[in-house]
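Here's the structure we're looking at; comments come further down.
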Amino acid sequence: MQVPPAISFEDVSKTYGEGRAVNQVSMIVPQGEFLAIIGPSGSGKTTLLRFINRLTEPTSGTVRVDGQDVRAVDAIALRRRIGYVFQGIGLFPHMTVGENIAITPKLIGTNRLQISTRVNELLGLVRLEPAKYLNRFPHELSGGERQRVGVARAIAANPQIVLMDEPFGALDPLTRDRLGQDYRALHDEFHLTTVMITHDTLEAVLLADRIAVVRDGRVIDQGTPRALMGGNRTDYVGELMQTPRRQAERLNKLIGRGTLP
Amino acid sequence: MTDVNSRVAEAIGRLPDYLGNHVLVSLTALGLGLAISLPLALLSTRRPTLRALILALASIVQTVPGLALLALFYPLLLGLAALSERMFGIGFSALGFLPAVLALTLYTMLPVLRNTVTGLQSIDPAVAEAAVGVGMTRRQALFMVELPLALPVIMAGIRTAAAWVIGTATLSTPIGQTSLGNYIFTGLQTQNWVFVLFGCVAAALLALVVDQLLALVESGVQHRAHLRLSLGALGLVLVLGGALVPSLSRPQATYVVGAKTFAEQYVLSALIEQRLAAAGLSTVRRDGLGSSVIFNALAASDIDVYVDYSGTIWTNQMHRTDVKSRGQVLAEVANWLEQQHQIKLLGAVGFENAYALAMSRKRAQALGIHSLADLAGQAPNLAIAGDYEIFSRPEWASMVRAYDLKFRVQRQMQPEFMYEAVANGEVDVISAYTSDGLIAKYDLLVLDDPKQALPPYDAILLVSPRRALDRALAEALRPLVGAIDVVSMREANRRAAGGTDESSPDEVARWLWGRISGRKQAAQ
């Protein structure tokens, strides 16, 4: 029997009064894929992501997770088996690092001892020393450390799918680069399916297996980074995908190394 | 100094009773208020219309002055009690604890509601979103995330409510709930400033202690310091427990003696209590009752005995506007009380506390004036001062009509200044209450009323329907009937207002008893 895709959008739309946030999108995310969704602000990226764990319900069309229509699944149970890394902070300010990470296992009734072992293991995975960080509060952490905790919380209950909404947007470039690579390693290690929203084309190119470009509520193109960057397209997608290359060329010129091969 | 010391000692002696009752009524109201407001606030967080409605209602309640709110609850409960008696055969006392708790409960609601709603609304939407995103149910999000984060704001509301309720509880004295307000109301009437100050300071200290204990609980919850949380909670339990001890250990009072809010009433209730105690009957005093409350309280048998005035019943309860002789009024009042309310008029005490006109004795003698009839001829040359209401009262109209009185000047004055003004000749005549201690102090002459234009205000002993046939009570009070002449009462009132060591109502009542019982023996 064929393995169903981890996530599929079938002709989904979302309308708000006159406006259309999402307009007849159909797209498939196979098991184990790392998909990046890029596009300008207000293009409908976040709405598309929120359909997957039912934080937002589409006006029409069907969203499936592991082949099952999400409307047929209890929303609470669905969210507990899908990791979510929130835009900005999203950590609970009144809970320690350990409690933040333990929240979903606790909600699904994992026993205390298992939770405690799991939290220590997760802190190690996101490169935070457990003894040092376990009992700290979010406000005592740097932005990078907080988002590492956010990632640990998202994968705490062993989800197969992780959704990330501009997870590294507010971080400095160095932290951002490291955290991106670290997450990609986790994605591969645990055979996750990841959907990540980002503003940053370069980040998408470097981390994702496939990129979907969204504009005005539609997926206007999708493909591997190499495919989207190839050719000499002059449309929006071409412009967008060429940006990292152009930046690199300008950078090279600036430091006097000539153009890239 | 001994004066102040003895007053402080007396105040401290009453502290267990007053403080205990105060704590009981205010913490019960606070607890009840929380039990209603918190769920209501939670219910309304997702219902904007309900929220607006509840907050508006709570705000309106808050604008009603505390005293008025407390006073409103008395007739309301009185009606409810009568209804419940009729429908289910279960009556309850509408006086004291119940109306005080209910009114104070309403008072706690606004700060708790408003702060809970505000606290929940001001939560970072990203955090609220995260709670849903990690898979919490609505209830889990509320209890695991939203409430803990709103806690400081909610606790601030609870602490405000606690301070308000403890302060406002002092106003529950006039509706029959003993509280620290008893110091204040008694002190104001008998010019016992030690009492007034003592009551205020005690209430402030109590508010401070409760606030600090709540702060301890809050900080304990916030920082998960179990020690702090337990200490705070233990402190609150101890405060409440300490309040319960005196009220539990107090013997079941059998006779409730009432008093209105002025010095003469305090002296008379003390006197009644002493007579009942001498007859071996146990008593409790409900001093400082509002004059509209006290009559209803007697009719409902919430109190058992107090002294009212025949003219007050005649005018305020029977709504009579005609004027009859002293004897006729007494007879009709007694009959009406019996018929309408099954209240027993045990007898007239002997003196009147009526409206009258008074002059300095010297000036009256110089002008040859003894009565209102004498005054009529000379009034056009004389100046009169009255308190703020006399010139608009039916008594004044009746007097002017009967004697054709016209004065050269007619002025209104603060009662305290009136007596001095007539004593030093600033005005010639003043309106006065016949049993006022100041009449004795300034040696004034109360003018006779030969045409009986002024309604009589005989002090009368009234007994509740429940005790109407109580032989022991009637026997114990019998010696007071017809026993107190107006001169003795004036002197007692002067003493009670004197601010001396012997001016507490209990002391003055003992003095008064000594005077009237001595005279009785001499007469026999």
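Chain labels A, B, ... are given in the sequence in which chains occur in the structure tokens; within each chain residues are numbered consecutively from 1, and ligands are likewise numbered from 1 in the order shown.
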Contacts of Gly13 of chain B within 12 Å, only C-alpha atoms, excl. fewer than 5 positions in-chain, as number ranges by chain: B: 6-8, 18-19, 183, 195, 198
Taking only C-alpha atoms into account, report as a PDB file with C-alpha atoms, in the first residue's frame which residues of chain A lie within 9 Å of chain B.
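iface33.pdb was written with the following content:
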```pdb
ATOM      1  CA  ASN A  53      -3.101  21.823  13.023  1.00  0.00           C
ATOM      2  CA  LEU A  55      -5.535  26.780  14.476  1.00  0.00           C
ATOM      3  CA  ALA A  75      -8.252  19.350  17.072  1.00  0.00           C
ATOM      4  CA  ILE A  76      -6.692  19.041  20.537  1.00  0.00           C
ATOM      5  CA  ALA A  77      -5.316  15.551  19.835  1.00  0.00           C
ATOM      6  CA  LEU A  78      -4.098  16.715  16.415  1.00  0.00           C
ATOM      7  CA  ARG A  79      -2.146  19.635  17.911  1.00  0.00           C
ATOM      8  CA  ARG A  80      -0.559  17.361  20.508  1.00  0.00           C
ATOM      9  CA  ARG A  81       0.975  15.174  17.826  1.00  0.00           C
ATOM     10  CA  ILE A  82       2.214  18.046  15.652  1.00  0.00           C
ATOM     11  CA  GLY A  83       5.148  20.152  16.916  1.00  0.00           C
ATOM     12  CA  TYR A  84       4.808  23.899  16.553  1.00  0.00           C
ATOM     13  CA  VAL A  85       7.582  26.490  16.814  1.00  0.00           C
ATOM     14  CA  PHE A  86       6.004  29.891  17.193  1.00  0.00           C
ATOM     15  CA  GLN A  87       6.915  33.175  15.648  1.00  0.00           C
ATOM     16  CA  GLY A  88       8.616  35.384  18.232  1.00  0.00           C
ATOM     17  CA  ILE A  89       8.879  33.836  21.657  1.00  0.00           C
ATOM     18  CA  GLY A  90       5.786  31.790  22.447  1.00  0.00           C
ATOM     19  CA  LEU A  91       7.293  30.302  25.613  1.00  0.00           C
ATOM     20  CA  PHE A  92       5.160  30.441  28.753  1.00  0.00           C
ATOM     21  CA  PRO A  93       6.806  33.171  30.839  1.00  0.00           C
ATOM     22  CA  HIS A  94       5.657  31.732  34.191  1.00  0.00           C
ATOM     23  CA  MET A  95       7.107  28.280  33.536  1.00  0.00           C
ATOM     24  CA  ILE A 103       4.153  20.708  28.495  1.00  0.00           C
ATOM     25  CA  THR A 104       2.909  18.507  25.651  1.00  0.00           C
ATOM     26  CA  LEU A 107      -0.853  17.044  28.450  1.00  0.00           C
ATOM     27  CA  ARG A 153       9.250  21.930  23.220  1.00  0.00           C
ATOM     28  CA  ALA A 154       7.970  21.333  19.678  1.00  0.00           C
TER      29      ALA A 154
END
```
task: Looking only at helix (DSSP H, G or I) from DSSP on the backbone, list the matching residues of segment 81-227 of chain A as a PyMOL selection string.
output: chain A and resi 97-107+112-125+130-133+138-140+143-155+173-189+201-207+225-227
task: List every residue of segment 6-128 of chain A that DSSP, applied to the backbone, labels as strand (DSSP E or B), and write the result as a ChimeraX atom specification.
output: /A:7-16,19-29,34-38,60-65,68-69,82-85
- line: Restricting to only C-alpha atoms, whichever of B:Leu38, B:Ala385, B:Leu229, B:Leu469 is closest to Leu357 of chain B is B:Ala385
task: Find the residues near segment 61-68 of chain A: any atom within 12 Å, counting only C-alpha atoms, skip ones fewer than 4 places away on the same chain, and give them as number ranges by chain.
output: A: 2-15, 22-32, 48-54, 56-57, 72-75, 78-79, 81-82, 160-162, 193
Would you write out those residues with C-alpha atoms, as a CSV table (one decimal), in the first residue's frame?
```
chain,number,residue,atom,x,y,z
A,2,GLN,CA,1.2,3.4,-0.9
A,3,VAL,CA,2.3,5.7,2.0
A,4,PRO,CA,0.1,8.7,2.1
A,5,PRO,CA,1.8,12.2,2.1
A,6,ALA,CA,2.4,13.7,5.5
A,7,ILE,CA,0.3,16.7,4.6
A,8,SER,CA,-1.8,17.5,1.6
A,9,PHE,CA,-3.8,20.6,0.7
A,10,GLU,CA,-6.7,20.0,-1.7
A,11,ASP,CA,-8.1,23.2,-3.2
A,12,VAL,CA,-8.2,25.0,0.1
A,13,SER,CA,-9.3,28.7,0.4
A,14,LYS,CA,-9.8,31.1,3.2
A,15,THR,CA,-11.9,34.2,2.8
A,22,VAL,CA,-5.7,31.7,0.8
A,23,ASN,CA,-6.9,31.1,-2.8
A,24,GLN,CA,-7.5,27.6,-4.0
A,25,VAL,CA,-4.2,26.1,-3.0
A,26,SER,CA,-3.3,22.4,-3.7
A,27,MET,CA,0.0,21.1,-2.5
A,28,ILE,CA,1.5,17.9,-1.1
A,29,VAL,CA,4.3,17.5,1.5
A,30,PRO,CA,5.7,13.9,1.4
A,31,GLN,CA,6.8,12.1,4.5
A,32,GLY,CA,10.2,13.2,5.7
A,48,LEU,CA,-1.7,28.0,5.2
A,49,LEU,CA,0.5,26.7,8.1
A,50,ARG,CA,-2.3,27.1,10.6
A,51,PHE,CA,-4.7,25.0,8.5
A,52,ILE,CA,-2.4,22.0,9.3
A,53,ASN,CA,-3.1,21.8,13.0
A,54,ARG,CA,-6.5,23.5,12.8
A,56,THR,CA,-7.4,28.2,11.5
A,57,GLU,CA,-10.1,26.4,9.6
A,72,ALA,CA,-12.4,14.2,11.2
A,73,VAL,CA,-9.7,14.4,13.9
A,74,ASP,CA,-10.1,16.0,17.3
A,75,ALA,CA,-8.3,19.4,17.1
A,78,LEU,CA,-4.1,16.7,16.4
A,79,ARG,CA,-2.1,19.6,17.9
A,81,ARG,CA,1.0,15.2,17.8
A,82,ILE,CA,2.2,18.0,15.7
A,160,GLN,CA,6.2,13.2,13.1
A,161,ILE,CA,5.4,16.7,11.8
A,162,VAL,CA,6.9,20.0,12.9
A,193,THR,CA,8.4,16.2,8.2
```
field: Neighbour list for Leu24 of chain B as a list in words, cut-off 7 Å, only C-alpha atoms, skip fewer than 4 positions in-chain
entry: Gly20, Thr28, Leu240 and Ala243 of chain B
- request: For segment 501-514 of chain B, list every protein, DNA or RNA residue within 10 Å, evaluated using only C-alpha atoms, and leave out those in the same chain fewer than 2 positions away; present the list as number ranges by chain.
  value: B: 1-7, 10, 186-187, 190-192, 263-275, 479-480, 483-484, 488-489, 491-499, 516-520
message: I want to know what sits within 7 Å of Ala432 of chain B, based on only C-alpha atoms, with residues of the same chain fewer than 4 positions away left out; could you give that as a PyMOL selection string?
response: chain B and resi 355-358
Generate a file of the selected residues that holds N, CA and C atoms, formatted as a compact mmCIF listing (two decimals), in the first residue's frame.
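out.txt written:
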```
# COMPACT_ATOMS: atom_id res chain seq x y z
N TYR B 355 -39.77 68.98 70.79
CA TYR B 355 -39.39 70.30 70.30
C TYR B 355 -39.96 71.34 71.26
N ALA B 356 -39.19 72.36 71.51
CA ALA B 356 -39.68 73.43 72.38
C ALA B 356 -38.89 74.69 72.07
N LEU B 357 -39.33 75.80 72.65
CA LEU B 357 -38.54 77.02 72.54
C LEU B 357 -37.93 77.28 73.92
N ALA B 358 -36.69 77.79 73.92
CA ALA B 358 -36.01 78.04 75.19
C ALA B 358 -35.35 79.41 75.16
```
message: Need the shell around Pro130 of chain A: protein/DNA/RNA residues with any atom at most 10 Å away, counting only C-alpha atoms. Skip same-chain ones fewer than 2 positions apart. Format as a ChimeraX atom specification?
response: /A:97-98,119-124,127-128,132-135
What does the file look like for those residues with N, CA and C atoms, as a CSV table (one decimal), in the first residue's frame?
```csv
chain,number,residue,atom,x,y,z
A,97,VAL,N,12.2,26.5,32.0
A,97,VAL,CA,12.6,25.9,30.7
A,97,VAL,C,12.1,24.4,30.7
A,98,GLY,N,12.4,23.8,31.8
A,98,GLY,CA,12.0,22.4,31.9
A,98,GLY,C,10.5,22.2,31.8
A,119,VAL,N,13.1,15.5,29.0
A,119,VAL,CA,13.5,16.9,29.0
A,119,VAL,C,15.0,17.0,29.0
A,120,ASN,N,15.7,16.2,29.8
A,120,ASN,CA,17.1,16.3,29.8
A,120,ASN,C,17.7,15.9,28.5
A,121,GLU,N,17.2,14.9,27.9
A,121,GLU,CA,17.6,14.4,26.6
A,121,GLU,C,17.4,15.5,25.5
A,122,LEU,N,16.2,16.2,25.6
A,122,LEU,CA,15.9,17.2,24.6
A,122,LEU,C,16.8,18.5,24.7
A,123,LEU,N,17.1,18.8,26.0
A,123,LEU,CA,18.0,20.0,26.2
A,123,LEU,C,19.4,19.7,25.6
A,124,GLY,N,19.8,18.4,25.7
A,124,GLY,CA,21.1,18.0,25.1
A,124,GLY,C,21.0,18.1,23.6
A,127,ARG,N,21.4,21.5,22.4
A,127,ARG,CA,22.7,22.0,22.9
A,127,ARG,C,22.5,23.0,24.0
A,128,LEU,N,21.7,22.7,24.9
A,128,LEU,CA,21.6,23.5,26.2
A,128,LEU,C,21.9,22.6,27.3
A,132,LYS,N,22.3,23.6,33.8
A,132,LYS,CA,22.3,25.0,33.8
A,132,LYS,C,21.0,25.6,33.4
A,133,TYR,N,20.2,25.0,32.5
A,133,TYR,CA,19.1,25.6,32.0
A,133,TYR,C,17.7,25.2,32.5
A,134,LEU,N,17.7,24.0,33.1
A,134,LEU,CA,16.4,23.3,33.4
A,134,LEU,C,15.5,24.2,34.2
A,135,ASN,N,16.0,24.9,35.3
A,135,ASN,CA,15.2,25.6,36.2
A,135,ASN,C,15.2,27.1,35.9
```
query: Between B:Asp428, B:Glu416, B:Glu218, B:Glu85, which is the closest to Arg363 of chain B once you count only C-alpha atoms?
result: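 Looking at the shortest contact to Arg363 of chain B, the residue is B:Asp428.
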query: Can you tell me how far atom CA of Thr283 of chain B sits from atom CA of Ser84 of chain B, in Å to one decimal?
result: 27.8 Å
query: For the atom pair atom CA of Lys324 of chain B and atom CA of Ala453 of chain B, what is the interatomic distance in Å to one decimal place?
result: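 So the two atoms, atom CA of Lys324 of chain B and atom CA of Ala453 of chain B, lie 8.3 Å apart.
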